[in-house]
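Undergrad: Contents of upload-v2.txt (compact mmCIF, N, CA and C atoms) are below:
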# COMPACT_ATOMS: atom_id res chain seq x y z
N MET K 1 -173.82 30.29 6.46
CA MET K 1 -175.00 29.72 6.99
C MET K 1 -176.19 30.12 6.15
N ARG K 2 -176.82 29.11 5.89
CA ARG K 2 -178.01 29.36 5.12
C ARG K 2 -179.22 29.47 6.01
N ARG K 3 -179.98 30.33 5.59
CA ARG K 3 -181.20 30.50 6.35
C ARG K 3 -182.29 29.70 5.69
N ALA K 4 -183.02 29.06 6.40
CA ALA K 4 -184.09 28.24 5.83
C ALA K 4 -185.27 29.14 5.53
N VAL K 5 -185.76 29.00 4.34
CA VAL K 5 -186.90 29.80 3.91
C VAL K 5 -188.13 28.92 4.01
N LYS K 6 -189.10 29.46 4.63
CA LYS K 6 -190.31 28.69 4.78
C LYS K 6 -191.00 28.58 3.44
N LYS K 7 -191.64 27.46 3.25
CA LYS K 7 -192.34 27.21 2.00
C LYS K 7 -193.47 28.21 1.83
N GLU K 8 -194.10 28.60 2.89
CA GLU K 8 -195.21 29.54 2.82
C GLU K 8 -194.76 30.89 2.31
N SER K 9 -193.66 31.37 2.78
CA SER K 9 -193.20 32.70 2.37
C SER K 9 -192.82 32.72 0.89
N VAL K 10 -192.30 31.61 0.39
CA VAL K 10 -191.94 31.54 -1.02
C VAL K 10 -193.20 31.57 -1.86
N SER K 11 -194.18 30.80 -1.50
CA SER K 11 -195.41 30.78 -2.29
C SER K 11 -196.12 32.14 -2.18
N HIS K 12 -196.02 32.76 -1.01
CA HIS K 12 -196.62 34.08 -0.85
C HIS K 12 -195.92 35.08 -1.78
N TYR K 13 -194.61 35.01 -1.88
CA TYR K 13 -193.85 35.91 -2.76
C TYR K 13 -194.25 35.70 -4.21
N LYS K 14 -194.35 34.42 -4.61
CA LYS K 14 -194.73 34.12 -5.99
C LYS K 14 -196.14 34.64 -6.27
N ARG K 15 -197.01 34.46 -5.31
CA ARG K 15 -198.37 34.92 -5.50
C ARG K 15 -198.40 36.45 -5.64
N ASN K 16 -197.66 37.15 -4.84
CA ASN K 16 -197.60 38.60 -4.91
C ASN K 16 -196.96 39.07 -6.21
N SER K 17 -195.94 38.37 -6.70
CA SER K 17 -195.31 38.76 -7.94
C SER K 17 -196.25 38.57 -9.12
N ARG K 18 -197.07 37.54 -9.06
CA ARG K 18 -198.06 37.34 -10.12
C ARG K 18 -199.09 38.47 -10.09
N ILE K 19 -199.47 38.86 -8.94
CA ILE K 19 -200.44 39.94 -8.81
C ILE K 19 -199.85 41.22 -9.37
N ARG K 20 -198.61 41.47 -9.03
CA ARG K 20 -197.96 42.67 -9.56
C ARG K 20 -197.89 42.61 -11.09
N THR K 21 -197.56 41.46 -11.63
CA THR K 21 -197.47 41.31 -13.08
C THR K 21 -198.83 41.53 -13.72
N LYS K 22 -199.86 40.95 -13.12
CA LYS K 22 -201.18 41.13 -13.68
C LYS K 22 -201.60 42.59 -13.62
N ASN K 23 -201.31 43.24 -12.51
CA ASN K 23 -201.68 44.65 -12.39
C ASN K 23 -200.90 45.51 -13.39
N SER K 24 -199.64 45.19 -13.58
CA SER K 24 -198.85 45.98 -14.51
C SER K 24 -199.29 45.74 -15.93
N GLU K 25 -199.77 44.53 -16.24
CA GLU K 25 -200.29 44.26 -17.59
C GLU K 25 -201.58 45.01 -17.81
N LYS K 26 -202.38 45.12 -16.78
CA LYS K 26 -203.64 45.82 -16.92
C LYS K 26 -203.43 47.32 -17.02
N ARG K 27 -202.36 47.80 -16.49
CA ARG K 27 -202.10 49.25 -16.51
C ARG K 27 -201.38 49.64 -17.80
N LYS K 28 -202.09 49.59 -18.89
CA LYS K 28 -201.51 50.04 -20.15
C LYS K 28 -201.56 51.56 -20.16
N PRO K 29 -200.58 52.15 -20.78
CA PRO K 29 -200.60 53.62 -20.79
C PRO K 29 -201.81 54.11 -21.57
N LYS K 30 -202.55 55.00 -20.95
CA LYS K 30 -203.74 55.54 -21.59
C LYS K 30 -203.33 56.56 -22.63
N VAL K 31 -203.90 56.42 -23.82
CA VAL K 31 -203.64 57.38 -24.88
C VAL K 31 -204.78 58.39 -24.82
N SER K 32 -204.43 59.60 -24.58
CA SER K 32 -205.46 60.60 -24.39
C SER K 32 -206.04 61.02 -25.74
N LEU K 33 -207.25 61.52 -25.68
CA LEU K 33 -207.94 61.98 -26.88
C LEU K 33 -207.21 63.15 -27.50
N ILE K 34 -206.63 63.99 -26.68
CA ILE K 34 -205.89 65.14 -27.19
C ILE K 34 -204.68 64.69 -28.00
N ARG K 35 -203.99 63.67 -27.52
CA ARG K 35 -202.82 63.16 -28.25
C ARG K 35 -203.26 62.58 -29.60
N ILE K 36 -204.36 61.83 -29.61
CA ILE K 36 -204.86 61.24 -30.87
C ILE K 36 -205.25 62.35 -31.84
N LEU K 37 -205.97 63.35 -31.35
CA LEU K 37 -206.38 64.46 -32.22
C LEU K 37 -205.18 65.24 -32.74
N THR K 38 -204.16 65.37 -31.93
CA THR K 38 -202.95 66.06 -32.37
C THR K 38 -202.28 65.30 -33.51
N VAL K 39 -202.19 64.00 -33.37
CA VAL K 39 -201.56 63.19 -34.42
C VAL K 39 -202.41 63.23 -35.68
N VAL K 40 -203.73 63.10 -35.54
CA VAL K 40 -204.62 63.16 -36.71
C VAL K 40 -204.53 64.53 -37.38
N ALA K 41 -204.50 65.59 -36.59
CA ALA K 41 -204.39 66.95 -37.15
C ALA K 41 -203.07 67.12 -37.87
N PHE K 42 -201.99 66.63 -37.28
CA PHE K 42 -200.68 66.73 -37.93
C PHE K 42 -200.69 65.99 -39.26
N CYS K 43 -201.24 64.78 -39.26
CA CYS K 43 -201.32 64.01 -40.51
C CYS K 43 -202.20 64.72 -41.53
N GLY K 44 -203.30 65.31 -41.06
CA GLY K 44 -204.19 66.05 -41.97
C GLY K 44 -203.49 67.24 -42.59
N VAL K 45 -202.77 67.99 -41.77
CA VAL K 45 -202.04 69.14 -42.29
C VAL K 45 -200.96 68.70 -43.27
N PHE K 46 -200.29 67.61 -42.96
CA PHE K 46 -199.26 67.10 -43.87
C PHE K 46 -199.87 66.68 -45.20
N ILE K 47 -200.98 65.96 -45.17
CA ILE K 47 -201.62 65.51 -46.41
C ILE K 47 -202.15 66.70 -47.19
N PHE K 48 -202.77 67.67 -46.50
CA PHE K 48 -203.26 68.87 -47.17
C PHE K 48 -202.11 69.63 -47.82
N SER K 49 -200.99 69.77 -47.11
CA SER K 49 -199.83 70.47 -47.67
C SER K 49 -199.30 69.76 -48.89
N PHE K 50 -199.23 68.45 -48.83
CA PHE K 50 -198.75 67.67 -49.97
C PHE K 50 -199.68 67.85 -51.18
N LEU K 51 -200.98 67.76 -50.95
CA LEU K 51 -201.93 67.94 -52.05
C LEU K 51 -201.88 69.36 -52.61
N PHE K 52 -201.75 70.35 -51.73
CA PHE K 52 -201.65 71.73 -52.19
C PHE K 52 -200.40 71.94 -53.02
N TYR K 53 -199.27 71.41 -52.56
CA TYR K 53 -198.02 71.52 -53.32
C TYR K 53 -198.16 70.86 -54.69
N THR K 54 -198.78 69.69 -54.73
CA THR K 54 -198.97 68.99 -56.00
C THR K 54 -199.85 69.81 -56.93
N TRP K 55 -200.92 70.38 -56.40
CA TRP K 55 -201.82 71.18 -57.23
C TRP K 55 -201.09 72.41 -57.78
N VAL K 56 -200.32 73.10 -56.93
CA VAL K 56 -199.59 74.28 -57.37
C VAL K 56 -198.57 73.90 -58.44
N HIS K 57 -197.89 72.79 -58.24
CA HIS K 57 -196.89 72.35 -59.22
C HIS K 57 -197.56 72.04 -60.56
N MET K 58 -198.70 71.38 -60.53
CA MET K 58 -199.41 71.06 -61.78
C MET K 58 -199.89 72.34 -62.47
N GLU K 59 -200.32 73.33 -61.72
CA GLU K 59 -200.73 74.61 -62.31
C GLU K 59 -199.54 75.30 -62.96
N VAL K 60 -198.39 75.27 -62.32
CA VAL K 60 -197.19 75.89 -62.89
C VAL K 60 -196.81 75.20 -64.20
N VAL K 61 -196.87 73.88 -64.22
CA VAL K 61 -196.56 73.13 -65.44
C VAL K 61 -197.56 73.48 -66.54
N HIS K 62 -198.84 73.56 -66.18
CA HIS K 62 -199.88 73.90 -67.16
C HIS K 62 -199.67 75.31 -67.72
N ILE K 63 -199.36 76.26 -66.86
CA ILE K 63 -199.14 77.64 -67.31
C ILE K 63 -197.90 77.73 -68.18
N ASN K 64 -196.84 77.01 -67.82
CA ASN K 64 -195.63 76.99 -68.67
C ASN K 64 -195.93 76.41 -70.04
N TYR K 65 -196.77 75.39 -70.09
CA TYR K 65 -197.15 74.80 -71.37
C TYR K 65 -197.93 75.82 -72.21
N GLU K 66 -198.86 76.54 -71.59
CA GLU K 66 -199.62 77.56 -72.31
C GLU K 66 -198.71 78.69 -72.78
N MET K 67 -197.72 79.07 -71.96
CA MET K 67 -196.79 80.12 -72.37
C MET K 67 -195.97 79.68 -73.58
N ALA K 68 -195.55 78.43 -73.60
CA ALA K 68 -194.78 77.92 -74.74
C ALA K 68 -195.62 77.96 -76.01
N GLN K 69 -196.90 77.58 -75.89
CA GLN K 69 -197.79 77.64 -77.06
C GLN K 69 -197.97 79.08 -77.51
N ALA K 70 -198.14 80.00 -76.58
CA ALA K 70 -198.33 81.41 -76.92
C ALA K 70 -197.08 81.97 -77.60
N GLN K 71 -195.91 81.59 -77.13
CA GLN K 71 -194.67 82.07 -77.76
C GLN K 71 -194.53 81.51 -79.18
N THR K 72 -194.94 80.26 -79.38
CA THR K 72 -194.89 79.67 -80.72
C THR K 72 -195.84 80.42 -81.65
N LEU K 73 -197.06 80.69 -81.19
CA LEU K 73 -198.01 81.46 -81.99
C LEU K 73 -197.49 82.86 -82.29
N GLU K 74 -196.88 83.49 -81.29
CA GLU K 74 -196.34 84.83 -81.50
C GLU K 74 -195.28 84.83 -82.59
N SER K 75 -194.38 83.88 -82.56
CA SER K 75 -193.33 83.84 -83.59
C SER K 75 -193.93 83.57 -84.98
N GLU K 76 -194.97 82.72 -85.04
CA GLU K 76 -195.64 82.48 -86.33
C GLU K 76 -196.31 83.75 -86.83
N TYR K 77 -197.01 84.46 -85.95
CA TYR K 77 -197.69 85.70 -86.35
C TYR K 77 -196.71 86.78 -86.77
N LEU K 78 -195.56 86.86 -86.09
CA LEU K 78 -194.54 87.85 -86.49
C LEU K 78 -193.99 87.54 -87.87
N GLU K 79 -193.83 86.25 -88.16
CA GLU K 79 -193.34 85.87 -89.48
C GLU K 79 -194.37 86.20 -90.56
N VAL K 80 -195.63 85.92 -90.29
CA VAL K 80 -196.70 86.26 -91.25
C VAL K 80 -196.76 87.77 -91.44
N ASN K 81 -196.59 88.53 -90.35
CA ASN K 81 -196.61 89.98 -90.43
C ASN K 81 -195.48 90.50 -91.32
N LYS K 82 -194.29 89.93 -91.19
CA LYS K 82 -193.16 90.33 -92.04
C LYS K 82 -193.46 90.06 -93.51
N LYS K 83 -194.03 88.89 -93.79
CA LYS K 83 -194.36 88.55 -95.17
C LYS K 83 -195.40 89.51 -95.74
N LEU K 84 -196.40 89.85 -94.94
CA LEU K 84 -197.44 90.77 -95.41
C LEU K 84 -196.89 92.17 -95.65
N LYS K 85 -196.00 92.64 -94.78
CA LYS K 85 -195.38 93.96 -94.99
C LYS K 85 -194.54 93.97 -96.27
N THR K 86 -193.83 92.87 -96.52
CA THR K 86 -193.04 92.77 -97.74
C THR K 86 -193.95 92.78 -98.96
N GLU K 87 -195.07 92.07 -98.88
CA GLU K 87 -196.02 92.03 -100.01
C GLU K 87 -196.64 93.41 -100.24
N ILE K 88 -196.97 94.13 -99.17
CA ILE K 88 -197.52 95.48 -99.32
C ILE K 88 -196.50 96.39 -99.98
N ALA K 89 -195.25 96.31 -99.56
CA ALA K 89 -194.21 97.14 -100.16
C ALA K 89 -194.05 96.81 -101.64
N THR K 90 -194.16 95.54 -101.99
CA THR K 90 -194.03 95.13 -103.40
C THR K 90 -195.22 95.66 -104.21
N LEU K 91 -196.41 95.58 -103.66
CA LEU K 91 -197.60 96.03 -104.38
C LEU K 91 -197.66 97.55 -104.54
N LYS K 92 -196.99 98.30 -103.69
CA LYS K 92 -197.02 99.76 -103.75
C LYS K 92 -195.93 100.37 -104.65
N THR K 93 -195.09 99.59 -105.27
CA THR K 93 -194.00 100.15 -106.07
C THR K 93 -194.57 100.90 -107.27
N PRO K 94 -194.01 102.08 -107.56
CA PRO K 94 -194.52 102.88 -108.69
C PRO K 94 -194.39 102.17 -110.04
N LEU K 95 -193.34 101.41 -110.24
CA LEU K 95 -193.15 100.70 -111.52
C LEU K 95 -194.28 99.69 -111.75
N ARG K 96 -194.66 98.96 -110.74
CA ARG K 96 -195.74 97.98 -110.85
C ARG K 96 -197.07 98.69 -111.14
N ILE K 97 -197.32 99.80 -110.46
CA ILE K 97 -198.57 100.54 -110.66
C ILE K 97 -198.63 101.08 -112.09
N LYS K 98 -197.51 101.56 -112.61
CA LYS K 98 -197.45 102.09 -113.97
C LYS K 98 -197.75 100.99 -114.99
N LYS K 99 -197.18 99.80 -114.80
CA LYS K 99 -197.42 98.67 -115.70
C LYS K 99 -198.89 98.25 -115.68
N LEU K 100 -199.47 98.19 -114.49
CA LEU K 100 -200.89 97.82 -114.37
C LEU K 100 -201.78 98.87 -115.04
N ALA K 101 -201.44 100.16 -114.88
CA ALA K 101 -202.24 101.23 -115.48
C ALA K 101 -202.23 101.13 -117.01
N LYS K 102 -201.10 100.84 -117.59
CA LYS K 102 -200.99 100.73 -119.04
C LYS K 102 -201.64 99.45 -119.55
N ALA K 103 -201.34 98.30 -118.92
CA ALA K 103 -201.79 97.01 -119.44
C ALA K 103 -203.28 96.78 -119.19
N GLU K 104 -203.75 96.98 -118.01
CA GLU K 104 -205.13 96.62 -117.68
C GLU K 104 -206.13 97.76 -117.90
N LEU K 105 -205.71 98.99 -117.62
CA LEU K 105 -206.64 100.11 -117.71
C LEU K 105 -206.47 100.94 -118.98
N GLY K 106 -205.39 100.72 -119.70
CA GLY K 106 -205.13 101.46 -120.94
C GLY K 106 -204.81 102.92 -120.70
N LEU K 107 -204.25 103.25 -119.59
CA LEU K 107 -203.88 104.62 -119.27
C LEU K 107 -202.48 104.92 -119.79
N SER K 108 -202.24 106.19 -120.10
CA SER K 108 -200.91 106.60 -120.54
C SER K 108 -200.65 108.00 -120.01
N ALA K 109 -199.43 108.47 -120.20
CA ALA K 109 -199.06 109.81 -119.74
C ALA K 109 -199.83 110.83 -120.59
N PRO K 110 -200.30 111.93 -120.01
CA PRO K 110 -201.08 112.93 -120.78
C PRO K 110 -200.19 113.69 -121.78
N GLU K 111 -200.80 114.09 -122.86
CA GLU K 111 -200.11 114.92 -123.87
C GLU K 111 -200.08 116.36 -123.34
N LYS K 112 -199.30 117.26 -124.03
CA LYS K 112 -199.18 118.64 -123.59
C LYS K 112 -200.51 119.38 -123.71
N ASP K 113 -201.28 119.09 -124.72
CA ASP K 113 -202.54 119.79 -124.89
C ASP K 113 -203.63 119.27 -123.95
N GLN K 114 -203.39 118.11 -123.30
CA GLN K 114 -204.36 117.56 -122.37
C GLN K 114 -204.17 118.09 -120.94
N VAL K 115 -203.06 118.78 -120.73
CA VAL K 115 -202.75 119.28 -119.41
C VAL K 115 -203.25 120.72 -119.28
N ILE K 116 -204.01 120.99 -118.26
CA ILE K 116 -204.51 122.33 -118.00
C ILE K 116 -203.92 122.78 -116.67
N ILE K 117 -203.25 123.88 -116.67
CA ILE K 117 -202.64 124.39 -115.45
C ILE K 117 -203.61 125.38 -114.82
N ILE K 118 -203.94 125.20 -113.61
CA ILE K 118 -204.87 126.06 -112.90
C ILE K 118 -204.08 126.89 -111.93
N LYS K 119 -204.39 128.22 -111.96
CA LYS K 119 -203.67 129.13 -111.08
C LYS K 119 -204.54 129.58 -109.97
If you convert what's in this file into structure tokens, what do you get?
TA:
Amino acid sequence: MRRAVKKESVSHYKRNSRIRTKNSEKRKPKVSLIRILTVVAFCGVFIFSFLFYTWVHMEVVHINYEMAQAQTLESEYLEVNKKLKTEIATLKTPLRIKKLAKAELGLSAPEKDQVIIIK
């Protein structure tokens, strides 16, 4: 058996359902200021951390580049130092000094009568 539904009650139901729908549409969830500030702060911290990491990484790369240049200069200076030490050793040899004394200065070994022994 079917129950007869009055036309009024159906229209009343539809009217109430529309009201509920309108009210539910108007009731959007409120986003609180604290939630917005939390999200903005989180994003700010994330961006700051990313920029800080990038800056630190660039500094490390720059310092490594400077260290490589310093090591290259050090090896060049060590090589120049070796060459200079070799040249000093060559210039100090007694044979070379003797040749220079005879050729350029006209010096020679003293005779027996030119030597005076002091006691």
Undergrad: Which distance in Å separates atom CA of Thr86 of chain K and atom CA of Lys102 of chain K, to one decimal?
TA: 24.1 Å
Undergrad: Can you tell me how far atom CA of Ala103 of chain K sits from atom C of Ile117 of chain K, in Å to one decimal?
TA: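 That distance, rounded to one decimal, is 28.8 Å.
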Undergrad: What is the atom C of Gln69 of chain K to atom CA of Tyr53 of chain K distance in Å?
TA: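 Pair atom C of Gln69 of chain K / atom CA of Tyr53 of chain K returns 25.3 Å.
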